>>> print(open('coords23.pdb').read())   # PDB, C-alpha atoms
MODEL        1
ATOM      1  CA  MET A  26     168.998-101.460  16.465
ATOM      2  CA  LYS A  27     165.415-102.539  16.035
ATOM      3  CA  LEU A  28     162.736-102.658  18.707
ATOM      4  CA  PRO A  29     160.245-105.518  18.917
ATOM      5  CA  ALA A  30     157.584-105.355  16.220
ATOM      6  CA  PRO A  31     154.489-103.377  17.339
ATOM      7  CA  GLY A  32     152.432-106.555  17.667
ATOM      8  CA  PHE A  33     155.069-108.440  19.664
ATOM      9  CA  VAL A  34     153.382-110.400  22.458
ATOM     10  CA  PHE A  35     155.127-110.687  25.823
ATOM     11  CA  LYS A  36     155.375-114.460  26.385
ATOM     12  CA  PRO A  37     158.948-115.174  27.490
ATOM     13  CA  PRO A  38     159.784-118.820  28.163
ATOM     14  CA  VAL A  39     160.193-119.992  31.744
ATOM     15  CA  TYR A  40     163.147-122.296  32.363
ATOM     16  CA  VAL A  41     163.755-124.097  35.654
ATOM     17  CA  CYS A  42     167.491-124.192  36.339
ATOM     18  CA  GLN A  43     168.092-127.156  38.616
ATOM     19  CA  ARG A  44     170.953-127.578  41.052
ATOM     20  CA  ALA A  45     173.760-129.592  39.513
ATOM     21  CA  PRO A  46     173.626-133.208  40.751
ATOM     22  CA  PHE A  47     177.355-133.296  41.504
ATOM     23  CA  LEU A  48     180.553-131.414  40.739
ATOM     24  CA  PRO A  49     181.329-131.904  37.067
ATOM     25  CA  SER A  50     184.560-133.362  35.818
ATOM     26  CA  GLU A  51     186.634-131.322  33.403
ATOM     27  CA  LEU A  52     184.444-129.797  30.690
ATOM     28  CA  CYS A  53     184.628-131.550  27.334
ATOM     29  CA  GLY A  54     181.812-129.912  25.391
ATOM     30  CA  ARG A  55     179.577-133.004  25.332
ATOM     31  CA  LEU A  56     176.115-133.020  26.864
ATOM     32  CA  ASP A  57     175.431-136.763  26.552
ATOM     33  CA  LYS A  58     176.771-137.577  30.017
ATOM     34  CA  PRO A  59     175.299-138.049  33.526
ATOM     35  CA  PHE A  60     175.987-134.477  34.641
ATOM     36  CA  TRP A  61     173.398-133.148  32.164
ATOM     37  CA  ALA A  62     171.013-136.117  32.118
ATOM     38  CA  ASP A  63     168.189-134.621  34.207
ATOM     39  CA  ALA A  64     168.517-130.990  33.068
ATOM     40  CA  PRO A  65     165.638-130.018  30.781
ATOM     41  CA  TRP A  66     166.222-128.740  27.269
ATOM     42  CA  THR A  67     165.099-125.306  26.231
ATOM     43  CA  ASP A  68     162.693-125.099  23.354
ATOM     44  CA  ASP A  69     164.397-125.241  19.987
ATOM     45  CA  PHE A  70     165.764-121.854  18.976
ATOM     46  CA  THR A  71     163.650-119.836  16.532
ATOM     47  CA  ASP A  72     164.414-116.948  14.246
ATOM     48  CA  ILE A  73     165.079-113.815  16.294
ATOM     49  CA  GLU A  74     162.039-112.117  14.746
ATOM     50  CA  GLY A  75     159.731-114.994  15.659
ATOM     51  CA  ASP A  76     157.091-116.718  13.553
ATOM     52  CA  VAL A  77     157.172-114.045  10.845
ATOM     53  CA  ARG A  78     160.416-115.628   9.645
ATOM     54  CA  PRO A  79     161.146-119.189   8.436
ATOM     55  CA  VAL A  80     162.022-121.940  10.879
ATOM     56  CA  PRO A  81     165.828-122.208  11.239
ATOM     57  CA  ARG A  82     167.364-124.726   8.867
ATOM     58  CA  PHE A  83     169.490-126.201  11.683
ATOM     59  CA  ARG A  84     168.375-127.190  15.162
ATOM     60  CA  THR A  85     169.753-125.484  18.278
ATOM     61  CA  ARG A  86     168.855-126.173  21.916
ATOM     62  CA  ALA A  87     170.418-125.625  25.326
ATOM     63  CA  LYS A  88     170.446-126.704  28.988
ATOM     64  CA  MET A  89     171.348-124.987  32.260
ATOM     65  CA  LEU A  90     172.377-126.043  35.766
ATOM     66  CA  TRP A  91     173.856-124.249  38.761
ATOM     67  CA  ASP A  92     175.657-124.801  42.032
ATOM     68  CA  ASP A  93     177.225-122.526  44.621
ATOM     69  CA  GLU A  94     180.107-121.600  42.318
ATOM     70  CA  TYR A  95     178.903-121.694  38.718
ATOM     71  CA  LEU A  96     176.050-121.211  36.294
ATOM     72  CA  TYR A  97     176.478-123.972  33.705
ATOM     73  CA  VAL A  98     175.230-123.630  30.137
ATOM     74  CA  GLY A  99     175.386-126.362  27.531
ATOM     75  CA  ALA A 100     174.161-126.178  23.942
ATOM     76  CA  GLU A 101     173.951-128.376  20.855
ATOM     77  CA  LEU A 102     174.231-126.717  17.442
ATOM     78  CA  TYR A 103     173.252-129.099  14.654
ATOM     79  CA  GLY A 104     174.211-128.701  11.002
ATOM     80  CA  ASN A 105     177.048-129.677   8.699
ATOM     81  CA  GLU A 106     178.517-126.155   8.276
ATOM     82  CA  ILE A 107     181.016-126.294  11.145
ATOM     83  CA  TRP A 108     183.702-123.667  10.637
ATOM     84  CA  ALA A 109     185.598-121.011  12.567
ATOM     85  CA  HIS A 110     188.706-118.876  12.030
ATOM     86  CA  LEU A 111     188.990-116.372  14.892
ATOM     87  CA  THR A 112     191.548-117.364  17.535
ATOM     88  CA  GLU A 113     192.148-114.171  19.533
ATOM     89  CA  ARG A 114     190.136-113.645  22.717
ATOM     90  CA  ASP A 115     187.696-110.730  22.559
ATOM     91  CA  SER A 116     187.608-110.754  18.769
ATOM     92  CA  VAL A 117     184.195-109.961  17.302
ATOM     93  CA  ILE A 118     183.248-113.615  17.430
ATOM     94  CA  PHE A 119     179.976-113.330  15.516
ATOM     95  CA  TYR A 120     182.017-112.716  12.355
ATOM     96  CA  ASP A 121     182.278-116.513  12.591
ATOM     97  CA  ASN A 122     179.325-118.772  13.275
ATOM     98  CA  ASP A 123     178.921-118.629  17.037
ATOM     99  CA  PHE A 124     176.934-119.349  20.183
ATOM    100  CA  GLU A 125     176.014-116.470  22.511
ATOM    101  CA  VAL A 126     174.648-116.050  26.043
ATOM    102  CA  PHE A 127     173.225-112.820  27.496
ATOM    103  CA  ILE A 128     172.569-112.482  31.239
ATOM    104  CA  ASP A 129     170.746-109.681  33.092
ATOM    105  CA  PRO A 130     170.673-110.889  36.712
ATOM    106  CA  ASP A 131     168.493-108.114  38.149
ATOM    107  CA  GLY A 132     166.268-107.524  35.113
ATOM    108  CA  ASP A 133     166.748-103.759  34.981
ATOM    109  CA  CYS A 134     167.854-103.810  31.306
ATOM    110  CA  GLN A 135     171.251-102.348  32.212
ATOM    111  CA  GLU A 136     174.644-103.689  33.259
ATOM    112  CA  TYR A 137     174.237-107.070  31.635
ATOM    113  CA  VAL A 138     176.760-109.636  30.423
ATOM    114  CA  GLU A 139     177.288-110.735  26.835
ATOM    115  CA  PHE A 140     179.302-113.846  25.995
ATOM    116  CA  GLU A 141     180.158-115.336  22.599
ATOM    117  CA  MET A 142     182.193-118.367  21.514
ATOM    118  CA  ASN A 143     182.993-120.128  18.247
ATOM    119  CA  ALA A 144     183.825-123.716  17.326
ATOM    120  CA  LEU A 145     187.523-123.037  18.019
ATOM    121  CA  ASN A 146     186.601-122.286  21.647
ATOM    122  CA  THR A 147     187.594-118.652  21.188
ATOM    123  CA  VAL A 148     185.551-116.397  23.480
ATOM    124  CA  TRP A 149     184.430-112.788  23.736
ATOM    125  CA  ASP A 150     183.074-111.606  27.085
ATOM    126  CA  LEU A 151     181.911-108.069  27.699
ATOM    127  CA  LEU A 152     179.694-105.964  29.918
ATOM    128  CA  LEU A 153     177.023-103.659  28.501
ATOM    129  CA  THR A 154     176.453-100.562  30.631
ATOM    130  CA  LYS A 155     172.978-100.334  29.083
ATOM    131  CA  GLN A 156     171.293-101.157  25.792
ATOM    132  CA  TYR A 157     172.879 -99.841  22.615
ATOM    133  CA  LEU A 158     169.629 -98.106  21.668
ATOM    134  CA  ASN A 159     170.048 -95.982  24.821
ATOM    135  CA  GLY A 160     173.690 -95.170  24.169
ATOM    136  CA  GLY A 161     175.096 -98.149  26.025
ATOM    137  CA  THR A 162     178.843 -98.725  25.973
ATOM    138  CA  PRO A 163     180.392-102.198  25.632
ATOM    139  CA  VAL A 164     183.149-102.757  28.186
ATOM    140  CA  ASP A 165     185.595-105.073  26.399
ATOM    141  CA  ALA A 166     188.008-104.894  29.323
ATOM    142  CA  PHE A 167     185.469-106.849  31.378
ATOM    143  CA  ASP A 168     186.740-110.405  31.777
ATOM    144  CA  ILE A 169     184.908-113.248  33.452
ATOM    145  CA  GLN A 170     187.714-114.435  35.690
ATOM    146  CA  GLY A 171     187.535-118.192  36.230
ATOM    147  CA  LEU A 172     185.402-118.811  33.137
ATOM    148  CA  LYS A 173     185.528-122.379  31.825
ATOM    149  CA  THR A 174     184.545-123.391  28.279
ATOM    150  CA  ALA A 175     184.845-126.429  26.020
ATOM    151  CA  VAL A 176     183.780-127.438  22.508
ATOM    152  CA  TYR A 177     182.991-130.859  21.061
ATOM    153  CA  ILE A 178     182.712-131.371  17.294
ATOM    154  CA  ASP A 179     180.882-134.339  15.780
ATOM    155  CA  GLY A 180     182.690-134.006  12.483
ATOM    156  CA  VAL A 181     185.747-132.114  11.295
ATOM    157  CA  LEU A 182     186.240-128.392  11.690
ATOM    158  CA  ASN A 183     186.584-126.385   8.461
ATOM    159  CA  ASP A 184     186.119-129.426   6.201
ATOM    160  CA  PRO A 185     183.000-129.420   3.971
ATOM    161  CA  SER A 186     183.801-132.925   2.719
ATOM    162  CA  ALA A 187     183.557-134.481   6.200
ATOM    163  CA  ASP A 188     180.495-136.154   7.686
ATOM    164  CA  ASN A 189     179.661-133.197   9.929
ATOM    165  CA  LYS A 190     176.644-133.456  12.201
ATOM    166  CA  MET A 191     176.880-130.886  15.014
ATOM    167  CA  TRP A 192     179.034-129.050  17.516
ATOM    168  CA  SER A 193     178.265-128.594  21.179
ATOM    169  CA  VAL A 194     179.556-126.388  23.967
ATOM    170  CA  GLU A 195     179.836-126.353  27.741
ATOM    171  CA  ILE A 196     180.281-123.117  29.669
ATOM    172  CA  ALA A 197     180.792-122.590  33.409
ATOM    173  CA  PHE A 198     180.170-118.966  34.398
ATOM    174  CA  PRO A 199     181.616-118.149  37.850
ATOM    175  CA  LEU A 200     178.845-116.752  40.030
ATOM    176  CA  LYS A 201     181.323-114.593  41.961
ATOM    177  CA  VAL A 202     181.654-112.550  38.747
ATOM    178  CA  LEU A 203     178.022-112.595  37.607
ATOM    179  CA  ASN A 204     176.878-111.639  41.099
ATOM    180  CA  GLN A 205     178.754-108.347  40.734
ATOM    181  CA  VAL A 206     175.961-107.114  38.459
ATOM    182  CA  ALA A 207     173.143-108.956  40.253
ATOM    183  CA  ARG A 208     172.366-106.164  42.766
ATOM    184  CA  ARG A 209     171.999-108.793  45.500
ATOM    185  CA  ASN A 210     169.636-110.921  43.431
ATOM    186  CA  TYR A 211     171.962-113.874  43.896
ATOM    187  CA  PRO A 212     170.852-117.356  42.766
ATOM    188  CA  ALA A 213     168.651-119.026  45.360
ATOM    189  CA  GLU A 214     165.489-121.101  45.480
ATOM    190  CA  GLY A 215     162.710-119.323  43.573
ATOM    191  CA  ARG A 216     164.790-116.360  42.392
ATOM    192  CA  TYR A 217     165.162-115.695  38.694
ATOM    193  CA  TRP A 218     167.446-114.035  36.174
ATOM    194  CA  ARG A 219     166.723-112.877  32.627
ATOM    195  CA  VAL A 220     168.704-114.862  30.060
ATOM    196  CA  GLY A 221     168.844-114.827  26.279
ATOM    197  CA  MET A 222     170.796-117.095  23.932
ATOM    198  CA  SER A 223     171.646-116.741  20.280
ATOM    199  CA  ARG A 224     173.233-118.659  17.425
ATOM    200  CA  VAL A 225     174.724-116.731  14.518
ATOM    201  CA  GLN A 226     174.842-118.734  11.282
ATOM    202  CA  TRP A 227     176.166-117.247   8.038
ATOM    203  CA  LEU A 228     175.086-118.292   4.561
ATOM    204  CA  VAL A 229     178.056-119.992   2.903
ATOM    205  CA  ASP A 230     179.174-121.579  -0.356
ATOM    206  CA  THR A 231     181.802-124.286  -0.819
ATOM    207  CA  VAL A 232     184.835-123.156  -2.800
ATOM    208  CA  ALA A 233     187.883-125.422  -3.144
ATOM    209  CA  ASN A 234     186.665-127.494  -0.201
ATOM    210  CA  LYS A 235     186.362-124.409   2.002
ATOM    211  CA  TRP A 236     183.322-122.599   3.306
ATOM    212  CA  VAL A 237     183.177-118.953   2.295
ATOM    213  CA  LYS A 238     180.467-116.445   3.123
ATOM    214  CA  ARG A 239     177.924-116.100   0.341
ATOM    215  CA  ILE A 240     178.239-112.766  -1.436
ATOM    216  CA  ASN A 241     175.275-110.654  -2.485
ATOM    217  CA  PRO A 242     176.051-109.765  -6.130
ATOM    218  CA  GLU A 243     174.187-106.457  -5.821
ATOM    219  CA  THR A 244     176.275-105.172  -2.901
ATOM    220  CA  GLY A 245     179.478-107.167  -3.200
ATOM    221  CA  THR A 246     179.277-107.967   0.516
ATOM    222  CA  PRO A 247     178.173-111.080   2.440
ATOM    223  CA  TYR A 248     174.479-111.648   2.936
ATOM    224  CA  PRO A 249     173.277-110.822   6.472
ATOM    225  CA  GLU A 250     173.748-113.587   9.003
ATOM    226  CA  ASP A 251     170.873-115.633  10.383
ATOM    227  CA  ASN A 252     170.109-115.062  14.052
ATOM    228  CA  TRP A 253     168.444-118.011  15.785
ATOM    229  CA  THR A 254     167.568-117.319  19.378
ATOM    230  CA  TRP A 255     165.954-118.403  22.616
ATOM    231  CA  PRO A 256     163.624-116.618  22.897
ATOM    232  CA  ALA A 257     162.657-114.517  19.888
ATOM    233  CA  THR A 258     163.008-110.815  20.669
ATOM    234  CA  GLY A 259     160.651-109.562  17.950
ATOM    235  CA  GLY A 260     163.354-107.591  16.128
ATOM    236  CA  VAL A 261     166.859-108.142  14.782
ATOM    237  CA  ASN A 262     168.361-107.156  18.105
ATOM    238  CA  MET A 263     169.447-109.380  20.981
ATOM    239  CA  HIS A 264     169.957-106.337  23.194
ATOM    240  CA  LEU A 265     166.384-106.303  24.462
ATOM    241  CA  PRO A 266     166.698-107.856  27.947
ATOM    242  CA  GLU A 267     163.030-107.183  28.640
ATOM    243  CA  THR A 268     162.170-109.927  26.105
ATOM    244  CA  TRP A 269     164.573-112.581  27.397
ATOM    245  CA  SER A 270     163.588-115.788  29.164
ATOM    246  CA  PHE A 271     162.903-116.109  32.889
ATOM    247  CA  VAL A 272     165.397-118.568  34.369
ATOM    248  CA  PHE A 273     164.262-119.683  37.835
ATOM    249  CA  PHE A 274     166.746-121.274  40.209
ATOM    250  CA  THR A 275     165.803-124.247  42.334
ATOM    251  CA  ASP A 276     167.805-126.195  44.897
ATOM    252  CA  ALA A 277     166.231-129.423  43.692
ATOM    253  CA  THR A 278     168.035-131.693  41.262
ATOM    254  CA  LYS A 279     164.726-133.146  40.032
ATOM    255  CA  PRO A 280     162.112-130.511  40.867
ATOM    256  CA  GLY A 281     158.397-131.126  40.696
ATOM    257  CA  LYS A 282     157.470-127.514  41.384
ATOM    258  CA  ARG A 283     156.402-125.242  38.557
ATOM    259  CA  PHE A 284     157.430-121.618  38.356
ATOM    260  CA  GLU A 285     155.441-118.840  36.718
ATOM    261  CA  ILE A 286     156.275-115.291  35.690
ATOM    262  CA  PRO A 287     155.134-113.071  38.586
ATOM    263  CA  PRO A 288     152.368-110.526  37.893
ATOM    264  CA  HIS A 289     154.610-107.526  38.479
ATOM    265  CA  GLU A 290     156.716-108.458  35.445
ATOM    266  CA  PHE A 291     153.650-107.931  33.260
ATOM    267  CA  VAL A 292     153.305-104.499  34.850
ATOM    268  CA  ARG A 293     156.894-103.721  33.912
ATOM    269  CA  TRP A 294     156.128-104.807  30.346
ATOM    270  CA  GLN A 295     153.182-102.421  30.150
ATOM    271  CA  LEU A 296     155.481 -99.545  31.106
ATOM    272  CA  ARG A 297     158.055-100.817  28.642
ATOM    273  CA  LYS A 298     155.578-100.636  25.769
ATOM    274  CA  LEU A 299     154.729 -97.071  26.729
ATOM    275  CA  TYR A 300     158.467 -96.370  26.755
ATOM    276  CA  TYR A 301     158.724 -97.649  23.162
ATOM    277  CA  ALA A 302     155.758 -95.486  22.198
ATOM    278  CA  GLN A 303     157.212 -92.400  23.894
ATOM    279  CA  ASN A 304     160.416 -92.731  21.905
ATOM    280  CA  GLU A 305     158.448 -93.175  18.692
ATOM    281  CA  TYR A 306     156.335 -90.126  19.541
ATOM    282  CA  CYS A 307     159.506 -88.072  20.067
ATOM    283  CA  ARG A 308     160.906 -89.308  16.762
ATOM    284  CA  ARG A 309     157.763 -88.137  14.967
ATOM    285  CA  PHE A 310     157.116 -84.837  16.726
ATOM    286  CA  GLY A 311     160.446 -83.835  18.239
ATOM    287  CA  LYS A 312     159.229 -83.814  21.836
ATOM    288  CA  TYR A 313     157.821 -86.028  24.583
ATOM    289  CA  THR A 314     154.183 -86.189  25.577
ATOM    290  CA  SER A 315     152.608 -86.391  29.014
ATOM    291  CA  SER A 316     149.494 -88.125  27.637
ATOM    292  CA  VAL A 317     149.357 -91.789  28.586
ATOM    293  CA  ASP A 318     146.282 -92.214  26.384
ATOM    294  CA  THR A 319     148.205 -90.986  23.350
ATOM    295  CA  LEU A 320     150.984 -93.489  23.952
ATOM    296  CA  ALA A 321     148.597 -96.324  24.798
ATOM    297  CA  ALA A 322     146.860 -95.802  21.460
ATOM    298  CA  MET A 323     150.188 -96.412  19.741
ATOM    299  CA  CYS A 324     150.666 -99.786  21.457
ATOM    300  CA  GLU A 325     149.523-103.127  20.140
ATOM    301  CA  ALA A 326     149.045-106.473  21.874
ATOM    302  CA  VAL A 327     149.022-104.935  25.366
ATOM    303  CA  GLU A 328     146.185-104.947  27.875
ATOM    304  CA  PHE A 329     146.785-102.125  30.346
ATOM    305  CA  THR A 330     145.840-103.177  33.875
ATOM    306  CA  VAL A 331     147.512-100.265  35.690
ATOM    307  CA  LYS A 332     147.145 -96.488  35.509
ATOM    308  CA  PRO A 333     150.534 -94.993  34.700
ATOM    309  CA  TRP A 334     151.533 -91.349  34.712
ATOM    310  CA  ILE A 335     154.361 -89.570  32.912
ATOM    311  CA  GLU A 336     156.906 -87.081  34.175
ATOM    312  CA  HIS A 337     159.173 -85.413  31.628
ATOM    313  CA  THR A 338     161.404 -82.518  30.676
ATOM    314  CA  SER A 339     162.648 -81.665  27.211
ATOM    315  CA  ASP A 340     165.306 -84.400  27.331
ATOM    316  CA  PHE A 341     164.167 -86.855  29.998
ATOM    317  CA  PHE A 342     161.060 -88.806  30.926
ATOM    318  CA  SER A 343     159.893 -91.427  33.357
ATOM    319  CA  ILE A 344     156.746 -93.532  33.218
ATOM    320  CA  ARG A 345     155.427 -94.567  36.615
ATOM    321  CA  CYS A 346     152.674 -96.594  38.206
ATOM    322  CA  GLU A 347     151.794 -98.200  41.502
ATOM    323  CA  PHE A 348     151.056-101.890  41.859
ATOM    324  CA  GLU A 349     150.478-103.823  45.071
ATOM    325  CA  GLY A 350     151.915-101.040  47.189
ATOM    326  CA  ARG A 351     155.142-100.558  45.216
ATOM    327  CA  LEU A 352     156.262 -97.914  42.739
ATOM    328  CA  TYR A 353     157.338 -99.020  39.252
ATOM    329  CA  VAL A 354     159.461 -96.678  37.166
ATOM    330  CA  GLN A 355     160.569 -96.890  33.546
ATOM    331  CA  TYR A 356     163.219 -94.278  32.784
ATOM    332  CA  SER A 357     164.068 -92.778  29.412
ATOM    333  CA  ASP A 358     167.593 -94.239  29.579
ATOM    334  CA  GLY A 359     166.077 -97.731  29.558
ATOM    335  CA  ARG A 360     166.410 -98.572  33.252
ATOM    336  CA  SER A 361     163.425-100.367  34.774
ATOM    337  CA  ILE A 362     163.186-100.439  38.575
ATOM    338  CA  VAL A 363     160.763-101.300  41.330
ATOM    339  CA  LYS A 364     160.891 -99.234  44.543
TER
ENDMDL
END
>>> encode(input="coords23.pdb", output="structure tokens")
Amino acid sequence: MKLPAPGFVFKPPVYVCQRAPFLPSELCGRLDKPFWADAPWTDDFTDIEGDVRPVPRFRTRAKMLWDDEYLYVGAELYGNEIWAHLTERDSVIFYDNDFEVFIDPDGDCQEYVEFEMNALNTVWDLLLTKQYLNGGTPVDAFDIQGLKTAVYIDGVLNDPSADNKMWSVEIAFPLKVLNQVARRNYPAEGRYWRVGMSRVQWLVDTVANKWVKRINPETGTPYPEDNWTWPATGGVNMHLPETWSFVFFTDATKPGKRFEIPPHEFVRWQLRKLYYAQNEYCRRFGKYTSSVDTLAAMCEAVEFTVKPWIEHTSDFFSIRCEFEGRLYVQYSDGRSIVK
């Protein structure tokens, strides 16, 4: 699992998630209907590594809404390569082309939800106890009870000869389930969650009017998949909740108010960069350091506006600072909290 590149700049998108204008009818997968009309689009998805990689060859964009019962996500995935084969729930869906949503309601980088679906409307929902890079365990037994999903295909599934244009999805995540990992940060006016989205797209060839994954002749295995995301995480790794977008909830259906990332989130990012540096220092020298200056010198693209200090043992560390009367702590297991 890769960390963001050293020069990765912390500029997550801000998305205003409006209250749904009315209760939706049964989901059909289409977004060209009144329910979604006033919901803003996200920016187009980019490569997961950002501008250092080519612009995705197919367009992807998404929308969100919410009400007292659900968080709604809709997405359009353009491109003629519309195929899927997995039909069993909780299969490893990204072995097909897929659409993915990651949700960290309290922003502590632990206990977050991952959701994937393919063009057959087969889903995989799981809970991550913490990030994989910190030894996190995926809980496949986690099921989003009451989840609703639908797929629409403008074309024909698994048919390269068809006039395929795009596929789109609608998802209704029950808040009674998501709130279980929200630590009381339930959706309400002005509150925000951290959300990331991803599209996996494999390189394919057409053989006997079927799409097959393109094989690298040197390895005899498929070429790596493309990962197109909102936002870019700076590394080939979606499991970096600290880089995900800020999704602000508003009770308005057509809000005029703007929302901005609060200053304390930039403080958390400063500690996060020191956390990356501390792990790199340990990799190089086999131990942790208590020198903030040493770690700061290893960081790029960060302006330090706080004065952190480090507490550590041989196998544990925390990086702390005070800001506006509160204590901020970044732990070695990845958890980020504000006391």
>>> resolve_selection(input="coords23.pdb", expression="the PyMOL selection byres ((chain A and resi 107) around 7)", output="list in words")
Asn105, Glu106, Trp108, Leu182 and Asn183 of chain A
>>> residues_around(input="coords23.pdb", residues="A:His289", least_positions_apart="5", cutoff="12 Å", atoms="all atoms listed in the file", output="list in words")
Trp294, Gln295, Leu296, Thr330, Val331, Cys346, Glu347, Phe348, Glu349, Gly350, Arg351, Leu352, Tyr353, Val354, Ser361, Ile362 and Val363 of chain A
>>> resolve_selection(input="coords23.pdb", expression="the PyMOL selection byres ((chain A and resi 130) around 9)", output="list in words")
Ile128, Asp129, Asp131, Gly132, Asp133, Glu136, Tyr137, Val138, Leu203, Asn204, Val206, Ala207, Arg208, Asn210, Tyr211, Pro212, Tyr217, Trp218, Arg219 and Val220 of chain A
>>> residues_around(input="coords23.pdb", residues="A:Met89", least_positions_apart="4", cutoff="7 Å", atoms="all atoms listed in the file", output="list in words")
Cys42, Ala64, Tyr97, Val98 and Gly99 of chain A
>>> closest_atom_pairs(input="coords23.pdb", of="stretch 28-68 of chain A", to="stretch 268-278 of chain A", cutoff="12 Å", atoms="all atoms listed in the file", output="tab-separated table")
residue	atom	partner	partner_atom	distance
A:Leu28	CA	A:Thr268	CA	10.4
A:Pro29	CA	A:Thr268	CA	8.6
A:Ala30	CA	A:Thr268	CA	11.8
A:Phe33	CA	A:Thr268	CA	9.7
A:Val34	CA	A:Thr268	CA	9.5
A:Phe35	CA	A:Thr268	CA	7.1
A:Lys36	CA	A:Thr268	CA	8.2
A:Pro37	CA	A:Ser270	CA	5.0
A:Pro38	CA	A:Ser270	CA	5.0
A:Val39	CA	A:Phe271	CA	4.9
A:Tyr40	CA	A:Val272	CA	4.8
A:Val41	CA	A:Phe273	CA	4.9
A:Cys42	CA	A:Phe274	CA	4.9
A:Gln43	CA	A:Thr275	CA	5.2
A:Arg44	CA	A:Thr278	CA	5.0
A:Ala45	CA	A:Thr278	CA	6.3
A:Pro46	CA	A:Thr278	CA	5.8
A:Phe47	CA	A:Thr278	CA	9.5
A:Phe60	CA	A:Thr278	CA	10.7
A:Trp61	CA	A:Thr278	CA	10.7
A:Ala62	CA	A:Thr278	CA	10.6
A:Asp63	CA	A:Thr278	CA	7.6
A:Ala64	CA	A:Thr278	CA	8.2
A:Pro65	CA	A:Thr278	CA	10.9
A:Thr67	CA	A:Ser270	CA	10.1
A:Asp68	CA	A:Ser270	CA	11.0
>>> atom_distance(input="coords23.pdb", atom1="atom CA of A:Leu172", atom2="atom CA of A:Phe198")
5.4 Å
>>> resolve_selection(input="coords23.pdb", expression="the PyMOL selection byres ((chain A and resi 96) around 7)", output="PyMOL selection string")
chain A and resi 90-92+95+97-98+197-200
>>> closest_residue(input="coords23.pdb", among="A:Tyr120, A:Phe291, A:Cys134, A:His110", to="A:Pro247", atoms="all atoms listed in the file")
A:Tyr120
>>> residues_around(input="coords23.pdb", residues="A:Ala166", least_positions_apart="3", cutoff="9 Å", atoms="all atoms listed in the file", output="list in words")
Asp115, Asp150, Leu151, Leu152 and Pro163 of chain A
>>> closest_residue(input="coords23.pdb", among="A:Leu265, A:Ala100, A:Val194, A:Cys324", to="A:Lys173", atoms="all atoms listed in the file")
A:Val194
>>> closest_residue(input="coords23.pdb", among="A:Glu125, A:Glu139, A:Glu101, A:Glu305", to="A:Asp69", atoms="all atoms listed in the file")
A:Glu101
>>> atom_distance(input="coords23.pdb", atom1="atom CA of A:Asp168", atom2="atom CA of A:Gln205")
12.2 Å
>>> axis_aligned_box(input="coords23.pdb", around="stretch 165-175 of chain A", padding_each_side="8 Å", output="lines of an AutoDock Vina configuration file")
center_x = 186.3
center_y = -115.7
center_z = 31.1
size_x = 19.5
size_y = 37.5
size_z = 26.2
>>> closest_residue(input="coords23.pdb", among="A:Asn122, A:Ser116, A:Asn262, A:Thr154", to="A:Trp227", atoms="only C-alpha atoms")
A:Asn122
>>> closest_residue(input="coords23.pdb", among="A:Asp318, A:Glu267, A:Asp72, A:Asp123", to="A:Trp334", atoms="all atoms listed in the file")
A:Asp318
>>> closest_residue(input="coords23.pdb", among="A:Ile240, A:Thr85, A:Phe329, A:Lys155", to="A:Gln226", atoms="all atoms listed in the file")
A:Thr85
>>> atom_distance(input="coords23.pdb", atom1="atom CA of A:Val176", atom2="atom CA of A:Asp230")
24.0 Å
>>> residues_around(input="coords23.pdb", residues="A:Pro31", least_positions_apart="3", cutoff="12 Å", atoms="only C-alpha atoms", output="CSV table (one decimal) with C-alpha atoms, in the coordinates of the input")
chain,number,residue,atom,x,y,z
A,27,LYS,CA,165.4,-102.5,16.0
A,28,LEU,CA,162.7,-102.7,18.7
A,34,VAL,CA,153.4,-110.4,22.5
A,35,PHE,CA,155.1,-110.7,25.8
A,74,GLU,CA,162.0,-112.1,14.7
A,258,THR,CA,163.0,-110.8,20.7
A,259,GLY,CA,160.7,-109.6,18.0
A,260,GLY,CA,163.4,-107.6,16.1
A,298,LYS,CA,155.6,-100.6,25.8
A,299,LEU,CA,154.7,-97.1,26.7
A,301,TYR,CA,158.7,-97.6,23.2
A,302,ALA,CA,155.8,-95.5,22.2
A,305,GLU,CA,158.4,-93.2,18.7
A,321,ALA,CA,148.6,-96.3,24.8
A,322,ALA,CA,146.9,-95.8,21.5
A,323,MET,CA,150.2,-96.4,19.7
A,324,CYS,CA,150.7,-99.8,21.5
A,325,GLU,CA,149.5,-103.1,20.1
A,326,ALA,CA,149.0,-106.5,21.9
A,327,VAL,CA,149.0,-104.9,25.4
